[in-house]
Protein chains: 2
Amino acid sequence: MAVTLKDISAACGISICSVSQVLSGSPRAQELSAATRKRILSTARDLGYCRNELARSVVTGKSNIVSVIVNNFTAFPPILDGICAAALEHDLTIKFISLHHGQGLSRSLLSVRQYRSVGLLGVAFEKAQLSVLDEHFLPYRIPAVVANTGVLMPGVPVVSTDQAGATCLALEHLYQLGHRKIACLGSVPPRCAAYETFMRDAGLTPRIFSERPDVYPELCKSDPDAVFCCTDNTGVQLLQWLYQQRIFIPESFSVMGFGGLELSEACSPTLSTVQEPFFDIGYQMLKILHDLIHGRSVPQHLQLPARLLPRDSTAERLPAT
Amino acid sequence: MAVTLKDISAACGISICSVSQVLSGSPRAQELSAATRKRILSTARDLGYCRNELARSVVTGKSNIVSVIVNNFTAFPPILDGICAAALEHDLTIKFISLHHGQGLSRSLLSVRQYRSVGLLGVAFEKAQLSVLDEHFLPYRIPAVVANTGVLMPGVPVVSTDQAGATCLALEHLYQLGHRKIACLGSVPPRCAAYETFMRDAGLTPRIFSERPDVYPELCKSDPDAVFCCTDNTGVQLLQWLYQQRIFIPESFSVMGFGGLELSEACSPTLSTVQEPFFDIGYQMLKILHDLIHGRSVPQHLQLPARLLPRDSTAERLPAT
DNA sequence: TTGTAAGCGTTATCAT
DNA sequence: ATGATAACGCTTACAA
């Protein structure tokens, strides 16, 4: 079995209590003589002591464990990286729960409470899944923060991309390249709304197409200068179809995505897009959760700015020939 | 504070001890009368009891926590899904540690032991990172299993794709399409080796090119029927370059990837590839770890079969014109 | 400056 | 068929 406080206490003839205080950095440790402190610390090191977080949590009634519920891991990996980075800073430990396991769902959600998690993070929840929070956790008043969901729940802060800002960033890019007939492909509500506003404000006529592949011909027939796609996935699909038709981009028209997902760099041509700040979203989620746990007041909806990622699918509008 | 055994004990006038046995499904609970059992279970439900895993672990000296160390979350998400799925079945809880945080590394590795993890899983380790296992965990005899690494460590089982099998699957596909001048692009040792063997066995001349983009022209000049790329990433890069040159695939030659990563479906044309069984790899890792923990004997190197994923970048060889 | 003792929520051993 | 009692490793009044 591992080295315990008792072992250290015995080894250097100091009471367990003092050993605990020194090793856990309690303020009262300062009252001990420097000599004892040094002795305790060095024997702890010699013996290879490693604090038992479980026992500590039993005593304090709270663990340093934050449970993160994800839809699946493929969704937004960088968010998880951000969460982990922040967890390290705040001395929290991350426990993961994946939602896609039908029968075992309630059992795996139970473990959040079994381990006395101090808080809960939800990544990429769909609307229906938000009710999970309601049912399983709201009654227990476990602080929670969610990311990338359109729905707002009272008392559950949301961290997300500034969708309107990101949309404008994309459209501004197209506009500055000289494009005026800018179509919108897709149906993500906040992005379509921001598109309409932008176009109206610029004195242009908005034209929104469904992201279904069977409207691509119609889209092309409308002879756009540029197409703003509501998601990278839609953008990639469009590019693939255009490739099959031997319609070349950006010569024929410019194409813009949204997200900055890995696949936006894999297509031909590489897709110009706006990069959602996934890492930061994760990082801020945990920071807000940490504040929430410590009773500090937090923003109900934190919107982080996206970054323009110009690549090969956009180019200056050719002067009419 | 949460409901405890003591509360239940008080509520139904049964000793804590009996309550514990019933609620944790101890065999000795069978000796209690059915009536008492029922009473305990129902009051537990009424009071909303939720077992404190932390306290339980303090007593038993082991937690049900498995620590998973990942390079970063973008690497192989489906592996993590597989791990989570298996964890649910074996009643284990998953704690994550991300490696890419320079300064805090040893602190975050410490938490593996602080939480008395029963086992360790390593995903997508690079050679250098394997030493982390050596230094930090081997001395403590924490059972470990790693995935997707070329290096074998004594006593640390590896789960991976059957690389030779997967390579043959890809090459067989090209061969059956009629291709004979099959080039290899890349430098993943087991895949290049399997390529050479396959070609020799088929009486064909192997020709291996570096994956560096500046050899693409040379590759094309060698006029291959098909190109086997050691990774999807290489395949995608090649396709992007070919697109820029307006060299069309699969008309000019067939291109094959390796991995089945998301991006292999985003390129133009979609990349034919062999799908590595990532989910299964994760699932089996945890299963093996579980066996290891319970002292059962386990395979030192489990190789799982890949699946052929024919897409648009491969086609039958045109009869010479 | 240091120690004693109680307690956290469990499980385990041994009685009854 | 059920209960006392100790123990796990730690923190935290309170005492000396």
# chains A, B, ... in the order shown; residues from 1 in each chain; ligands from 1
>>> closest_atom_pairs(of="chain B", to="chain D", cutoff="8 Å", atoms="only C-alpha atoms (C1' of nucleotides)", output="JSON lines")
{"residue": "B:Ser15", "atom": "CA", "partner": "D:DG3", "partner_atom": "C1'", "distance": 6.3}
{"residue": "B:Cys17", "atom": "CA", "partner": "D:DG3", "partner_atom": "C1'", "distance": 7.5}
{"residue": "B:Ser18", "atom": "CA", "partner": "D:DT2", "partner_atom": "C1'", "distance": 7.3}
{"residue": "B:Glu31", "atom": "CA", "partner": "D:DA1", "partner_atom": "C1'", "distance": 6.5}
{"residue": "B:Leu32", "atom": "CA", "partner": "D:DA1", "partner_atom": "C1'", "distance": 5.4}
{"residue": "B:Ser33", "atom": "CA", "partner": "D:DA1", "partner_atom": "C1'", "distance": 6.6}
{"residue": "B:Val58", "atom": "CA", "partner": "D:DC8", "partner_atom": "C1'", "distance": 5.4}
{"residue": "B:Val59", "atom": "CA", "partner": "D:DC8", "partner_atom": "C1'", "distance": 4.3}
{"residue": "B:Thr60", "atom": "CA", "partner": "D:DC8", "partner_atom": "C1'", "distance": 7.3}
{"residue": "B:Gly61", "atom": "CA", "partner": "D:DC8", "partner_atom": "C1'", "distance": 7.3}
>>> residues_around(residues="B:Gln21", least_positions_apart="5", cutoff="10 Å", atoms="only C-alpha atoms (C1' of nucleotides)", output="PyMOL selection string")
(chain B and resi 16+26-30+32+37) or (chain C and resi 11)
>>> interface_residues(of="chain B", to="chain C", cutoff="7 Å", atoms="only C-alpha atoms (C1' of nucleotides)", output="MDAnalysis selection string")
chainID B and resid 4 52 55:56 59
>>> write_last_selection(atoms="N, CA, C and O atoms", output="PDB file, in the first residue's frame")
ATOM      1  N   THR B   4     -26.656   9.803   3.535  1.00  0.00           N
ATOM      2  CA  THR B   4     -25.628   8.790   3.788  1.00  0.00           C
ATOM      3  C   THR B   4     -26.253   7.499   4.307  1.00  0.00           C
ATOM      4  O   THR B   4     -27.446   7.441   4.595  1.00  0.00           O
ATOM      5  N   ASN B  52     -21.353   7.125  -2.040  1.00  0.00           N
ATOM      6  CA  ASN B  52     -20.144   7.943  -2.113  1.00  0.00           C
ATOM      7  C   ASN B  52     -18.954   7.070  -2.509  1.00  0.00           C
ATOM      8  O   ASN B  52     -18.359   6.381  -1.691  1.00  0.00           O
ATOM      9  N   ALA B  55     -15.556   7.598  -0.563  1.00  0.00           N
ATOM     10  CA  ALA B  55     -15.417   6.953   0.745  1.00  0.00           C
ATOM     11  C   ALA B  55     -15.170   5.463   0.577  1.00  0.00           C
ATOM     12  O   ALA B  55     -14.327   4.864   1.232  1.00  0.00           O
ATOM     13  N   ARG B  56     -15.930   4.884  -0.347  1.00  0.00           N
ATOM     14  CA  ARG B  56     -15.760   3.462  -0.614  1.00  0.00           C
ATOM     15  C   ARG B  56     -14.325   3.158  -1.013  1.00  0.00           C
ATOM     16  O   ARG B  56     -13.721   2.178  -0.565  1.00  0.00           O
ATOM     17  N   VAL B  59     -11.727   3.110   1.807  1.00  0.00           N
ATOM     18  CA  VAL B  59     -11.758   1.869   2.560  1.00  0.00           C
ATOM     19  C   VAL B  59     -11.102   0.718   1.825  1.00  0.00           C
ATOM     20  O   VAL B  59     -10.284  -0.013   2.379  1.00  0.00           O
TER      21      VAL B  59
END
>>> closest_atom_pairs(of="chain B", to="chain A", cutoff="6 Å", atoms="only C-alpha atoms", output="tab-separated table")
residue	atom	partner	partner_atom	distance
B:Arg51	CA	A:Gln114	CA	5.6
B:Asn52	CA	A:Gln114	CA	5.1
B:Glu53	CA	A:Gln114	CA	5.4
B:Leu54	CA	A:Leu54	CA	5.2
B:Ala55	CA	A:Val58	CA	5.6
B:Val58	CA	A:Ala55	CA	5.6
B:Phe73	CA	A:Pro77	CA	5.0
B:Thr74	CA	A:Pro77	CA	5.1
B:Pro77	CA	A:Phe73	CA	5.0
B:Ile94	CA	A:Lys95	CA	5.6
B:Lys95	CA	A:Lys95	CA	4.3
B:Phe96	CA	A:Ile94	CA	5.7
B:Gln114	CA	A:Asn52	CA	5.1
B:Tyr115	CA	A:Glu53	CA	5.5
B:Gln240	CA	A:Ser268	CA	5.5
B:Leu263	CA	A:Leu263	CA	5.0
B:Ala266	CA	A:Cys267	CA	5.4
B:Cys267	CA	A:Cys267	CA	4.0
B:Ser268	CA	A:Gln240	CA	5.6
>>> select_by_dssp(residues="stretch 63-153 of chain B", states="alpha helix (DSSP H)", output="count of residues only")
33
>>> select_by_dssp(residues="stretch 218-316 of chain A", states="strand (DSSP E)", output="list in words")
Ala226, Val227, Phe228, Cys229, Ser254, Val255, Met256, Thr273, Val274, Gln275, His301, Leu302, Gln303, Leu304, Arg307, Leu308 and Leu309 of chain A
>>> write_last_selection(atoms="C-alpha atoms", output="CSV table (one decimal), in the first residue's frame")
chain,number,residue,atom,x,y,z
A,226,ALA,CA,-19.7,34.2,-53.7
A,227,VAL,CA,-21.4,31.7,-51.5
A,228,PHE,CA,-21.4,31.9,-47.7
A,229,CYS,CA,-22.0,28.4,-46.3
A,254,SER,CA,-15.8,32.3,-54.1
A,255,VAL,CA,-16.9,29.8,-51.3
A,256,MET,CA,-16.7,30.5,-47.6
A,273,THR,CA,-13.6,30.0,-43.3
A,274,VAL,CA,-14.0,31.6,-40.0
A,275,GLN,CA,-12.3,29.8,-37.1
A,301,HIS,CA,-23.7,34.0,-22.1
A,302,LEU,CA,-20.1,34.5,-23.0
A,303,GLN,CA,-19.6,35.0,-26.7
A,304,LEU,CA,-16.1,34.6,-28.0
A,307,ARG,CA,-10.9,34.6,-36.5
A,308,LEU,CA,-10.9,35.0,-40.3
A,309,LEU,CA,-9.1,32.1,-42.1
>>> closest_atom_pairs(of="stretch 62-153 of chain A", to="stretch 171-192 of chain A", cutoff="12 Å", atoms="only C-alpha atoms", output="tab-separated table")
residue	atom	partner	partner_atom	distance
A:Thr149	CA	A:Pro190	CA	11.5
A:Gly150	CA	A:Pro190	CA	8.8
A:Val151	CA	A:Pro190	CA	11.7
>>> write_last_selection(atoms="all heavy atoms", output="CSV table (one decimal), in the first residue's frame")
chain,number,residue,atom,x,y,z
A,149,THR,N,-24.4,25.6,-27.7
A,149,THR,CA,-25.8,25.1,-27.9
A,149,THR,C,-26.6,26.4,-28.1
A,149,THR,O,-26.3,27.4,-27.6
A,149,THR,CB,-26.3,24.4,-26.6
A,149,THR,OG1,-27.7,24.2,-26.8
A,149,THR,CG2,-26.0,25.1,-25.4
A,150,GLY,N,-27.6,26.2,-28.9
A,150,GLY,CA,-28.4,27.4,-29.2
A,150,GLY,C,-29.4,27.8,-28.0
A,150,GLY,O,-29.7,28.9,-27.8
A,151,VAL,N,-29.7,26.8,-27.2
A,151,VAL,CA,-30.7,27.0,-26.2
A,151,VAL,C,-30.1,27.5,-24.9
A,151,VAL,O,-29.1,27.1,-24.5
A,151,VAL,CB,-31.4,25.6,-25.9
A,151,VAL,CG1,-32.7,25.9,-25.3
A,151,VAL,CG2,-31.5,24.8,-27.2
>>> decode(residues="stretch 148-256 of chain B", atoms="C-alpha atoms", output="compact mmCIF listing (two decimals), in the first residue's frame")
# COMPACT_ATOMS: atom_id res chain seq x y z
CA ASN B 148 -1.37 2.99 -31.73
CA THR B 149 2.26 3.13 -31.06
CA GLY B 150 4.96 1.39 -32.92
CA VAL B 151 7.11 0.76 -29.89
CA LEU B 152 6.60 -2.24 -27.67
CA MET B 153 7.36 -1.99 -23.97
CA PRO B 154 7.82 -5.07 -21.87
CA GLY B 155 4.77 -5.56 -19.68
CA VAL B 156 2.69 -2.91 -21.39
CA PRO B 157 0.22 -4.50 -23.81
CA VAL B 158 -0.41 -2.70 -27.08
CA VAL B 159 -3.62 -2.60 -29.07
CA SER B 160 -3.36 -1.47 -32.63
CA THR B 161 -4.50 -1.93 -36.18
CA ASP B 162 -3.11 -4.94 -37.98
CA GLN B 163 -0.88 -2.78 -40.13
CA ALA B 164 0.39 -5.46 -42.46
CA GLY B 165 -3.14 -6.79 -42.96
CA ALA B 166 -4.52 -3.34 -43.59
CA THR B 167 -1.79 -2.55 -46.09
CA CYS B 168 -2.49 -5.76 -47.99
CA LEU B 169 -6.18 -4.95 -47.99
CA ALA B 170 -5.43 -1.65 -49.67
CA LEU B 171 -2.98 -3.11 -52.16
CA GLU B 172 -5.23 -6.06 -52.94
CA HIS B 173 -7.96 -3.58 -53.80
CA LEU B 174 -5.69 -1.77 -56.23
CA TYR B 175 -4.46 -5.03 -57.69
CA GLN B 176 -7.94 -6.29 -58.33
CA LEU B 177 -8.78 -3.06 -60.13
CA GLY B 178 -6.09 -4.05 -62.56
CA HIS B 179 -3.26 -1.85 -61.34
CA ARG B 180 0.25 -3.23 -61.51
CA LYS B 181 2.54 -0.20 -61.34
CA ILE B 182 1.69 0.61 -57.75
CA ALA B 183 3.84 3.24 -56.03
CA CYS B 184 4.08 3.81 -52.30
CA LEU B 185 4.09 7.32 -50.89
CA GLY B 186 5.28 7.82 -47.33
CA SER B 187 7.51 6.36 -44.68
CA VAL B 188 5.54 4.52 -42.03
CA PRO B 189 7.83 1.53 -41.44
CA PRO B 190 5.35 -1.36 -41.04
CA ARG B 191 3.30 -0.12 -43.97
CA CYS B 192 6.26 0.31 -46.28
CA ALA B 193 7.52 -3.11 -45.28
CA ALA B 194 4.15 -4.73 -45.98
CA TYR B 195 4.07 -2.90 -49.31
CA GLU B 196 7.43 -4.29 -50.33
CA THR B 197 6.46 -7.80 -49.35
CA PHE B 198 3.19 -7.56 -51.24
CA MET B 199 4.84 -6.28 -54.38
CA ARG B 200 7.60 -8.88 -54.31
CA ASP B 201 5.10 -11.67 -53.71
CA ALA B 202 3.08 -10.44 -56.67
CA GLY B 203 6.16 -10.33 -58.85
CA LEU B 204 5.99 -6.56 -59.11
CA THR B 205 8.64 -3.89 -58.60
CA PRO B 206 8.22 -1.81 -55.44
CA ARG B 207 8.85 1.88 -55.71
CA ILE B 208 8.72 4.01 -52.56
CA PHE B 209 8.61 7.82 -52.62
CA SER B 210 9.02 10.22 -49.72
CA GLU B 211 5.80 11.97 -48.67
CA ARG B 212 7.42 15.36 -49.17
CA PRO B 213 5.43 17.43 -51.69
CA ASP B 214 8.52 18.22 -53.76
CA VAL B 215 8.68 14.64 -54.98
CA TYR B 216 5.14 14.72 -56.38
CA PRO B 217 6.36 15.68 -59.86
CA GLU B 218 8.80 12.82 -59.86
CA LEU B 219 6.05 10.51 -58.68
CA CYS B 220 3.85 11.58 -61.57
CA LYS B 221 6.67 11.26 -64.06
CA SER B 222 7.06 7.61 -63.04
CA ASP B 223 3.55 7.19 -64.50
CA PRO B 224 2.02 4.90 -61.88
CA ASP B 225 -1.25 3.01 -62.24
CA ALA B 226 -1.95 3.71 -58.59
CA VAL B 227 -0.41 5.29 -55.52
CA PHE B 228 -0.68 3.78 -52.05
CA CYS B 229 -0.27 6.53 -49.45
CA CYS B 230 0.90 5.54 -46.00
CA THR B 231 -1.55 7.92 -44.33
CA ASP B 232 -4.79 9.68 -45.18
CA ASN B 233 -3.05 12.97 -44.58
CA THR B 234 -0.50 12.21 -47.26
CA GLY B 235 -3.26 11.08 -49.58
CA VAL B 236 -5.21 14.27 -49.07
CA GLN B 237 -2.13 16.41 -49.65
CA LEU B 238 -1.41 14.60 -52.85
CA LEU B 239 -4.98 15.04 -54.05
CA GLN B 240 -4.82 18.74 -53.32
CA TRP B 241 -1.66 19.13 -55.32
CA LEU B 242 -3.11 17.14 -58.20
CA TYR B 243 -6.17 19.38 -58.15
CA GLN B 244 -3.95 22.42 -58.52
CA GLN B 245 -2.21 20.79 -61.47
CA ARG B 246 -5.61 19.91 -62.93
CA ILE B 247 -4.61 16.29 -62.98
CA PHE B 248 -7.80 14.37 -62.48
CA ILE B 249 -8.21 11.34 -60.26
CA PRO B 250 -9.05 8.50 -60.69
CA GLU B 251 -8.78 9.11 -64.46
CA SER B 252 -5.01 9.65 -64.33
CA PHE B 253 -4.28 7.09 -61.66
CA SER B 254 -5.84 5.70 -58.52
CA VAL B 255 -4.99 6.99 -55.04
CA MET B 256 -5.37 5.05 -51.84
